[in-house]
Every structure is written in structure tokens, then in C-alpha cells.
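Data from input.tsv: TSV, C-alpha atoms
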chain	number	residue	atom	x	y	z
E	1	MET	CA	-69.82	-2.87	-63.34
E	2	ALA	CA	-66.24	-1.64	-62.80
E	3	ARG	CA	-65.22	1.53	-64.50
E	4	PRO	CA	-62.91	1.13	-67.45
E	5	GLY	CA	-59.28	1.31	-66.37
E	6	ALA	CA	-59.99	0.83	-62.61
E	7	GLY	CA	-58.09	-2.45	-62.50
E	8	ALA	CA	-55.02	-0.89	-64.01
E	9	TRP	CA	-55.00	1.95	-61.49
E	10	LEU	CA	-55.37	-0.53	-58.59
E	11	CYS	CA	-52.34	-2.49	-59.77
E	12	VAL	CA	-50.28	0.68	-60.05
E	13	ALA	CA	-51.26	1.73	-56.51
E	14	LEU	CA	-50.31	-1.65	-55.02
E	15	LEU	CA	-46.99	-1.69	-56.82
E	16	GLY	CA	-46.23	1.79	-55.52
E	17	ALA	CA	-47.01	0.79	-51.95
E	18	ILE	CA	-44.76	-2.25	-52.14
E	19	ALA	CA	-41.93	-0.27	-53.69
E	20	THR	CA	-42.03	2.45	-51.01
E	21	GLY	CA	-42.48	0.09	-48.02
E	22	CYS	CA	-45.67	1.86	-46.99
E	23	GLU	CA	-47.82	-1.23	-46.73
E	24	ASP	CA	-48.24	-0.89	-42.93
E	25	GLY	CA	-48.92	2.81	-43.08
E	26	HIS	CA	-46.23	3.65	-40.43
E	27	GLY	CA	-43.12	4.55	-42.40
E	28	ALA	CA	-40.16	2.62	-40.98
E	29	SER	CA	-40.44	-1.08	-40.24
E	30	THR	CA	-40.52	-2.43	-36.65
E	31	ALA	CA	-36.95	-3.74	-36.95
E	32	THR	CA	-35.70	-0.32	-38.06
E	33	GLN	CA	-37.46	1.35	-35.14
E	34	ALA	CA	-35.91	-1.08	-32.65
E	35	ALA	CA	-32.45	-0.48	-34.06
E	36	ALA	CA	-32.92	3.25	-33.74
E	37	ARG	CA	-33.73	3.12	-30.01
E	38	PRO	CA	-30.82	3.89	-27.65
E	39	ALA	CA	-29.55	0.88	-25.70
E	40	ILE	CA	-30.62	0.78	-22.04
E	41	VAL	CA	-27.53	0.69	-19.83
E	42	GLU	CA	-28.08	-0.59	-16.31
E	43	PRO	CA	-26.40	1.60	-13.67
E	44	PRO	CA	-23.59	-0.08	-11.73
E	45	PRO	CA	-24.52	-1.35	-8.27
E	46	PRO	CA	-23.79	1.09	-5.47
E	47	PRO	CA	-20.48	0.52	-3.67
E	48	PRO	CA	-20.71	-1.17	-0.28
E	49	PRO	CA	-20.79	1.18	2.69
E	50	PRO	CA	-17.41	1.88	4.29
E	51	SER	CA	-16.39	-0.45	7.09
E	52	PRO	CA	-16.64	0.90	10.63
E	53	PRO	CA	-13.29	2.38	11.76
E	54	LEU	CA	-12.44	-0.41	14.21
E	55	VAL	CA	-13.00	-3.08	11.57
E	56	ALA	CA	-11.26	-1.04	8.88
E	57	ALA	CA	-8.23	-0.60	11.16
E	58	ALA	CA	-8.04	-4.36	11.68
E	59	ARG	CA	-8.46	-5.09	7.96
E	60	ARG	CA	-5.63	-2.69	7.09
E	61	GLN	CA	-3.30	-5.06	8.92
E	62	ILE	CA	-3.90	-7.78	6.30
E	63	GLY	CA	-0.83	-8.02	4.12
E	64	VAL	CA	1.15	-5.88	6.58
E	65	THR	CA	1.27	-8.19	9.59
E	66	VAL	CA	2.35	-11.41	7.92
E	67	ARG	CA	3.97	-13.31	10.79
E	68	TYR	CA	2.91	-14.78	14.10
E	69	ASP	CA	5.63	-14.01	16.63
E	70	PRO	CA	4.96	-14.40	20.38
E	71	ALA	CA	8.44	-13.27	21.45
E	72	TYR	CA	8.70	-11.10	24.54
E	73	VAL	CA	9.72	-7.59	23.49
E	74	VAL	CA	10.61	-4.57	25.61
E	75	LEU	CA	8.21	-1.87	24.44
E	76	PRO	CA	8.02	1.90	24.78
E	77	TYR	CA	5.26	3.05	27.11
E	78	PRO	CA	2.61	4.16	26.38
E	79	GLY	CA	1.82	3.38	22.76
E	80	GLY	CA	4.43	0.64	22.47
E	81	ASP	CA	4.17	-1.95	19.72
E	82	VAL	CA	6.16	-4.76	18.16
E	83	PRO	CA	7.23	-4.38	14.49
E	84	GLN	CA	4.18	-4.09	12.23
E	85	ASP	CA	5.07	-7.17	10.18
E	86	ARG	CA	4.57	-9.48	13.15
E	87	GLY	CA	2.56	-10.03	16.28
E	88	VAL	CA	0.05	-12.29	17.98
E	89	CYS	CA	-3.75	-12.38	18.08
E	90	THR	CA	-3.97	-9.67	20.73
E	91	ASP	CA	-1.90	-7.29	18.61
E	92	VAL	CA	-4.68	-7.21	16.00
E	93	VAL	CA	-7.06	-5.91	18.68
E	94	ILE	CA	-4.50	-3.57	20.27
E	95	ARG	CA	-3.67	-1.90	16.95
E	96	ALA	CA	-7.31	-1.62	15.89
E	97	LEU	CA	-8.39	-0.04	19.19
E	98	ARG	CA	-5.56	2.48	18.98
E	99	ALA	CA	-7.25	3.72	15.82
E	100	LYS	CA	-10.13	4.60	18.16
E	101	GLU	CA	-7.70	6.31	20.56
E	102	LEU	CA	-7.86	3.54	23.14
E	103	ASP	CA	-4.40	2.31	24.18
E	104	LEU	CA	-4.79	-1.10	25.78
E	105	GLN	CA	-1.16	-1.12	26.87
E	106	GLN	CA	-1.75	1.94	29.03
E	107	ARG	CA	-5.28	1.13	30.16
E	108	VAL	CA	-4.53	-2.46	31.18
E	109	HIS	CA	-1.29	-1.47	32.91
E	110	GLU	CA	-2.97	1.27	34.92
E	111	ASP	CA	-5.77	-1.06	35.99
E	112	MET	CA	-3.32	-3.80	36.95
E	113	LEU	CA	-1.32	-1.34	39.04
E	114	ALA	CA	-4.47	-0.50	40.98
E	115	HIS	CA	-6.11	-3.96	41.01
E	116	PHE	CA	-3.37	-6.50	40.44
E	117	ASP	CA	-5.19	-9.19	42.43
E	118	ALA	CA	-8.12	-9.08	39.97
E	119	TYR	CA	-5.93	-10.46	37.19
E	120	PRO	CA	-4.77	-14.03	36.51
E	121	LYS	CA	-1.59	-15.24	38.20
E	122	LYS	CA	-0.80	-17.98	35.67
E	123	TRP	CA	2.53	-16.42	34.60
E	124	GLY	CA	4.09	-16.19	38.05
E	125	LEU	CA	4.40	-12.39	38.01
E	126	ARG	CA	4.33	-10.40	41.24
E	127	ALA	CA	3.80	-7.02	39.62
E	128	PRO	CA	2.42	-5.63	36.35
E	129	ASP	CA	4.61	-5.71	33.25
E	130	ALA	CA	3.69	-3.09	30.64
E	131	ASN	CA	5.65	-4.98	27.99
E	132	ILE	CA	3.43	-8.05	27.92
E	133	ASP	CA	0.35	-7.82	30.16
E	134	HIS	CA	-1.89	-6.26	27.48
E	135	ARG	CA	-0.79	-8.88	24.93
E	136	ARG	CA	-2.23	-11.76	26.96
E	137	VAL	CA	-5.80	-12.82	26.24
E	138	PRO	CA	-6.78	-13.69	29.85
E	139	ASN	CA	-5.71	-10.22	31.01
E	140	LEU	CA	-7.76	-8.59	28.25
E	141	GLN	CA	-10.77	-10.69	29.22
E	142	VAL	CA	-10.56	-9.40	32.78
E	143	TRP	CA	-10.11	-5.81	31.65
E	144	PHE	CA	-13.01	-6.03	29.17
E	145	ASP	CA	-15.25	-7.47	31.88
E	146	ARG	CA	-14.23	-4.74	34.31
E	147	GLN	CA	-15.25	-2.14	31.71
E	148	GLY	CA	-18.72	-3.66	31.40
E	149	TRP	CA	-18.10	-4.91	27.86
E	150	SER	CA	-19.21	-8.51	28.43
E	151	VAL	CA	-22.26	-9.77	26.53
E	152	PRO	CA	-23.68	-13.30	26.42
E	153	VAL	CA	-21.95	-16.08	24.53
E	154	THR	CA	-24.44	-17.78	22.19
E	155	ASP	CA	-24.44	-20.08	19.17
E	156	ARG	CA	-26.47	-17.62	17.06
E	157	ALA	CA	-24.51	-15.70	14.45
E	158	GLN	CA	-26.90	-12.74	14.61
E	159	ASP	CA	-25.86	-12.09	18.23
E	160	TYR	CA	-22.31	-11.19	17.17
E	161	LEU	CA	-22.30	-7.61	15.96
E	162	VAL	CA	-19.75	-5.84	13.81
E	163	GLY	CA	-16.86	-4.70	16.01
E	164	ASP	CA	-17.53	-7.21	18.80
E	165	LEU	CA	-14.54	-9.00	20.31
E	166	VAL	CA	-14.59	-12.77	20.75
E	167	THR	CA	-12.22	-15.10	22.61
E	168	TRP	CA	-11.79	-18.82	22.10
E	169	THR	CA	-9.84	-21.80	23.41
E	170	LEU	CA	-7.85	-23.42	20.62
E	171	PRO	CA	-6.55	-27.00	20.60
E	172	GLY	CA	-3.74	-27.32	23.10
E	173	ASN	CA	-5.61	-25.06	25.56
E	174	LEU	CA	-4.38	-21.94	23.78
E	175	ASP	CA	-6.22	-18.64	24.14
E	176	HIS	CA	-7.27	-16.68	21.06
E	177	ILE	CA	-9.04	-13.41	20.27
E	178	GLY	CA	-10.46	-11.73	17.18
E	179	ILE	CA	-12.74	-8.97	15.92
E	180	VAL	CA	-16.12	-9.57	14.30
E	181	GLY	CA	-15.99	-8.06	10.82
E	182	ASP	CA	-18.67	-6.60	8.53
E	183	ARG	CA	-18.37	-9.31	5.88
E	184	ARG	CA	-20.01	-12.72	5.92
E	185	SER	CA	-19.10	-16.14	4.66
E	186	PRO	CA	-20.86	-16.76	1.32
E	187	PHE	CA	-21.47	-20.34	2.45
E	188	THR	CA	-22.56	-20.08	6.09
E	189	ARG	CA	-23.55	-16.38	6.28
E	190	THR	CA	-21.54	-16.29	9.51
E	191	PRO	CA	-19.61	-13.07	10.23
E	192	LEU	CA	-15.95	-13.34	9.30
E	193	ILE	CA	-13.34	-12.77	12.00
E	194	LEU	CA	-10.26	-10.56	11.73
E	195	HIS	CA	-7.45	-12.24	13.67
E	196	ASN	CA	-3.93	-13.66	13.66
E	197	ILE	CA	-3.96	-17.37	14.30
E	198	GLY	CA	-0.49	-18.16	13.04
E	199	HIS	CA	0.13	-16.64	9.62
E	200	GLY	CA	-0.41	-12.93	10.10
E	201	THR	CA	-3.63	-10.95	10.12
E	202	ARG	CA	-6.40	-12.60	8.13
E	203	GLU	CA	-10.18	-12.59	7.76
E	204	ASP	CA	-11.65	-16.07	8.24
E	205	ASP	CA	-14.87	-17.94	8.92
E	206	ILE	CA	-13.93	-19.23	12.38
E	207	LEU	CA	-16.60	-17.77	14.70
E	208	PHE	CA	-17.93	-21.20	15.64
E	209	ALA	CA	-14.85	-23.23	14.78
E	210	TYR	CA	-13.60	-23.35	18.40
E	211	PRO	CA	-15.19	-23.12	21.85
E	212	ILE	CA	-16.04	-19.49	22.59
E	213	THR	CA	-14.88	-18.33	26.03
E	214	GLY	CA	-15.85	-14.66	25.89
E	215	HIS	CA	-17.93	-12.14	23.95
E	216	TYR	CA	-17.35	-8.40	24.39
E	217	ARG	CA	-18.85	-5.25	22.92
E	218	PRO	CA	-16.50	-2.24	23.15
E	219	GLN	CA	-18.13	0.87	24.52
E	220	LEU	CA	-16.61	3.30	22.07
E	221	GLN	CA	-17.94	6.02	19.81
E	222	PRO	CA	-21.11	5.11	17.85
E	223	ASP	CA	-19.13	4.69	14.60
E	224	LEU	CA	-16.91	1.87	15.92
Once you've parsed the file, please lay out its structure as C-alpha cells.
Amino acid sequence: MARPGAGAWLCVALLGAIATGCEDGHGASTATQAAARPAIVEPPPPPPPPSPPLVAAARRQIGVTVRYDPAYVVLPYPGGDVPQDRGVCTDVVIRALRAKELDLQQRVHEDMLAHFDAYPKKWGLRAPDANIDHRRVPNLQVWFDRQGWSVPVTDRAQDYLVGDLVTWTLPGNLDHIGIVGDRRSPFTRTPLILHNIGHGTREDDILFAYPITGHYRPQLQPDL
């Protein structure tokens, strides 16, 4: 038999528990605990690694070289260049390689002086011309090959490494050259090419857009 008054004490105890929020025996409710926790902030993704110097030097020309201008210009020698706001496809390569302390104007001219017969005769010249020889794709192809830079032409994107040089034949039998960059097309995953095809220096997905006529890997410092 229950003791007299036990029921009354039980009711008082239950009412006290409800009033103080102690029914779960843990103090604060689960919602209060969650609100008290500090928010978890995800760290920002790490920045991409810096581009190799040769590629970075080519990319710096974007927005600076904004015109395609094939005009013949009398240049200083060595180190001569046309105005920075203009140029042709070869000027992208010439300027980028100068950032690696390789002056194609001087190197091609010196090699043509010593081995003129090794170079194409399609322009009717009888002697080297330091103003224009290094700005012609066929001459660069010969010079690259003579330096041992040639590597196989393939249709596999993975065979074209960052900093490689590629030559093409464009419609109208026009020669073209560009530098393989360190960024890829989000659609094809093909390496983008730094080049000037008519509107200044740009970075485009054109590696396999035209027939490839040459593939070269500059033998420079390891950080090219």
C-alpha cells in the first residue's frame, strides 16, 4: 500500500523536472548544443602552381600583343623586336624564349650564316637576313630540328607536354606555330595553345584543329 502523501510528492517532482527542462538528464537540449558549436569553415582550395617560365612569358603577351602584323621591319641585332602590340605567330615564341635567355634572332642568323644551304629557299634570298629569317616558321623548324628538339607528331594529347612547340599548316597553305600551355580545355581536356593566329596573342583549343607539321621540345633549363 502506498505511503500517505507519496502521490503528491511524485506530482511535485514531475512538475519540477518539466519546469527546469531536466527531463533528459543532460542540461541543455540537443538544439541548444548544436547552436553552441562553432561553424566548420572549409579551407579555400590551394592556388594552382605557377606556370613554367616559358609558358608564363607567352601568357603575359595576352592583352599586350593585340594585332597580327606581318610587315617586314628593320630590327636591331641582336635582341631586335617589332612593337609589343603587334607581331605574328613566331613572335610569340621568340619573345617567350627570350625570357629563357635564348635569342632566336641571333641563334638562327648565326646558323644560317654557317649553313645557309640547310634552310628553305622559298623566299628567293641569297644570304641570311637577320630582320626576318627568325620570324619565318619553316626556318624555325629547320633550326629546331638541327638542335635535336624534334619529337614525334601524334594524335594523342598526352604526348604534347607543357612548353612544347607545335607547327601546323593552316588553310591557304599558311604556316603556323604555337606553345603548348599548362591549361586544358574543360570540354576536350586537350592542352591549350598560346599563339597569334590573327588577333594578337591568345590561348585557344587548337592543338588538333589543323594538320600538325612539327613537334619540338626545347632543350632548356628544367623549369621551362
Residue contacts of Val180 in chain E (12 Å, only C-alpha atoms) excluding same-chain residues fewer than 6 positions away, as a PyMOL selection string: chain E and resi 51-52+54-56+58-59+92-93+96+157-167+190-195+202-208+215-218+224
Closest of E:Gln147, E:Trp168, E:Asp117, E:Pro53 to Gly181 in chain E - atom-to-atom distances counting all atoms listed in the file: E:Pro53
Neighbour residues at most 12 Å from (-5.0, -0.1, 17.3) (all atoms listed in the file) as a PyMOL selection string: chain E and resi 53-61+79-81+84+90-105+179
Straight-line distance linking CA of Asp182 in chain E with CA of Pro49 in chain E, stated in Å to one decimal: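 Going from CA of Asp182 in chain E over to CA of Pro49 in chain E covers 10.0 Å.
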Computed interatomic separation between CA of Gln106 in chain E and CA of Cys89 in chain E (Å):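 Computing it gives 18.1 Å between the two atoms.
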Point-to-point distance from CA of Ser150 in chain E to CA of His134 in chain E, Å rounded to tenths: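 That distance, rounded to one decimal, is 17.5 Å.
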Contacts of Pro138 in chain E at 8 Å (all atoms listed in the file; same-chain gap of 2+ positions) as a count of residues only: 6
List as an mmCIF file with C-alpha atoms, in the coordinates of the input the protein and nucleic acid residues near Asp69 in chain E, meaning an atom at most 9 Å away when only C-alpha atoms are counted, but skip any in the same chain fewer than 6 places from it.
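Contents of the output file around_33.cif:
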data_model
loop_
_atom_site.group_PDB
_atom_site.id
_atom_site.type_symbol
_atom_site.label_atom_id
_atom_site.label_comp_id
_atom_site.auth_asym_id
_atom_site.auth_seq_id
_atom_site.Cartn_x
_atom_site.Cartn_y
_atom_site.Cartn_z
ATOM 1 C CA ARG E 86 4.570 -9.480 13.150
ATOM 2 C CA GLY E 87 2.560 -10.030 16.280
ATOM 3 C CA VAL E 88 0.050 -12.290 17.980
ATOM 4 C CA GLY E 198 -0.490 -18.160 13.040
ATOM 5 C CA GLY E 200 -0.410 -12.930 10.100
#
Who sits within 12 Å of Glu110 in chain E, all atoms listed in the file, same chain under 3 positions skipped, as a PyMOL selection string: chain E and resi 77-78+103-107+113-116+127-130+133-134+143
Write out as JSON an axis-aligned box for range 44-61 of chain E: all of its atoms listed in the file, 8 Å added on each side, centre and edge lengths in Å with one decimal.
{"center_x": -13.9, "center_y": -1.4, "center_z": 1.2, "size_x": 37.2, "size_y": 23.5, "size_z": 41.9}
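Closest approach to Met112 in chain E among E:Asn173, E:Ser185, E:Asn139, E:Thr213: E:Asn139, based on only C-alpha atoms.
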Residue with smallest distance to Val151 in chain E - pool E:Pro83, E:Pro46, E:Pro76, E:Gly214, counting all atoms listed in the file: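 Looking only at the distances to Val151 in chain E, the closest residue turns out to be E:Gly214.
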Please reconstruct the missing atoms of range 95-106 of chain E (target: N, CA and C atoms) and return them as a PDB file, in the frame of the given file.
ATOM      1  N   ARG E  95      -3.891  -2.879  18.031  1.00  0.00           N
ATOM      2  CA  ARG E  95      -3.670  -1.900  16.950  1.00  0.00           C
ATOM      3  C   ARG E  95      -4.984  -1.308  16.462  1.00  0.00           C
ATOM      4  N   ALA E  96      -6.019  -2.129  16.363  1.00  0.00           N
ATOM      5  CA  ALA E  96      -7.310  -1.620  15.890  1.00  0.00           C
ATOM      6  C   ALA E  96      -7.907  -0.630  16.894  1.00  0.00           C
ATOM      7  N   LEU E  97      -7.820  -0.943  18.184  1.00  0.00           N
ATOM      8  CA  LEU E  97      -8.390  -0.040  19.190  1.00  0.00           C
ATOM      9  C   LEU E  97      -7.600   1.253  19.297  1.00  0.00           C
ATOM     10  N   ARG E  98      -6.324   1.223  18.991  1.00  0.00           N
ATOM     11  CA  ARG E  98      -5.560   2.480  18.980  1.00  0.00           C
ATOM     12  C   ARG E  98      -6.072   3.425  17.905  1.00  0.00           C
ATOM     13  N   ALA E  99      -6.638   2.874  16.837  1.00  0.00           N
ATOM     14  CA  ALA E  99      -7.250   3.720  15.820  1.00  0.00           C
ATOM     15  C   ALA E  99      -8.467   4.453  16.373  1.00  0.00           C
ATOM     16  N   LYS E 100      -9.025   3.940  17.462  1.00  0.00           N
ATOM     17  CA  LYS E 100     -10.130   4.600  18.160  1.00  0.00           C
ATOM     18  C   LYS E 100      -9.637   5.307  19.414  1.00  0.00           C
ATOM     19  N   GLU E 101      -8.333   5.548  19.475  1.00  0.00           N
ATOM     20  CA  GLU E 101      -7.700   6.310  20.560  1.00  0.00           C
ATOM     21  C   GLU E 101      -7.861   5.632  21.911  1.00  0.00           C
ATOM     22  N   LEU E 102      -7.857   4.299  21.902  1.00  0.00           N
ATOM     23  CA  LEU E 102      -7.860   3.540  23.140  1.00  0.00           C
ATOM     24  C   LEU E 102      -6.581   2.699  23.155  1.00  0.00           C
ATOM     25  N   ASP E 103      -5.688   2.997  24.081  1.00  0.00           N
ATOM     26  CA  ASP E 103      -4.400   2.310  24.180  1.00  0.00           C
ATOM     27  C   ASP E 103      -4.502   1.229  25.250  1.00  0.00           C
ATOM     28  N   LEU E 104      -4.655  -0.017  24.817  1.00  0.00           N
ATOM     29  CA  LEU E 104      -4.790  -1.100  25.780  1.00  0.00           C
ATOM     30  C   LEU E 104      -3.534  -1.283  26.617  1.00  0.00           C
ATOM     31  N   GLN E 105      -2.380  -0.996  26.078  1.00  0.00           N
ATOM     32  CA  GLN E 105      -1.160  -1.120  26.870  1.00  0.00           C
ATOM     33  C   GLN E 105      -1.268  -0.234  28.117  1.00  0.00           C
ATOM     34  N   GLN E 106      -1.654   1.003  27.920  1.00  0.00           N
ATOM     35  CA  GLN E 106      -1.750   1.940  29.030  1.00  0.00           C
ATOM     36  C   GLN E 106      -2.929   1.617  29.944  1.00  0.00           C
TER      37      GLN E 106
END
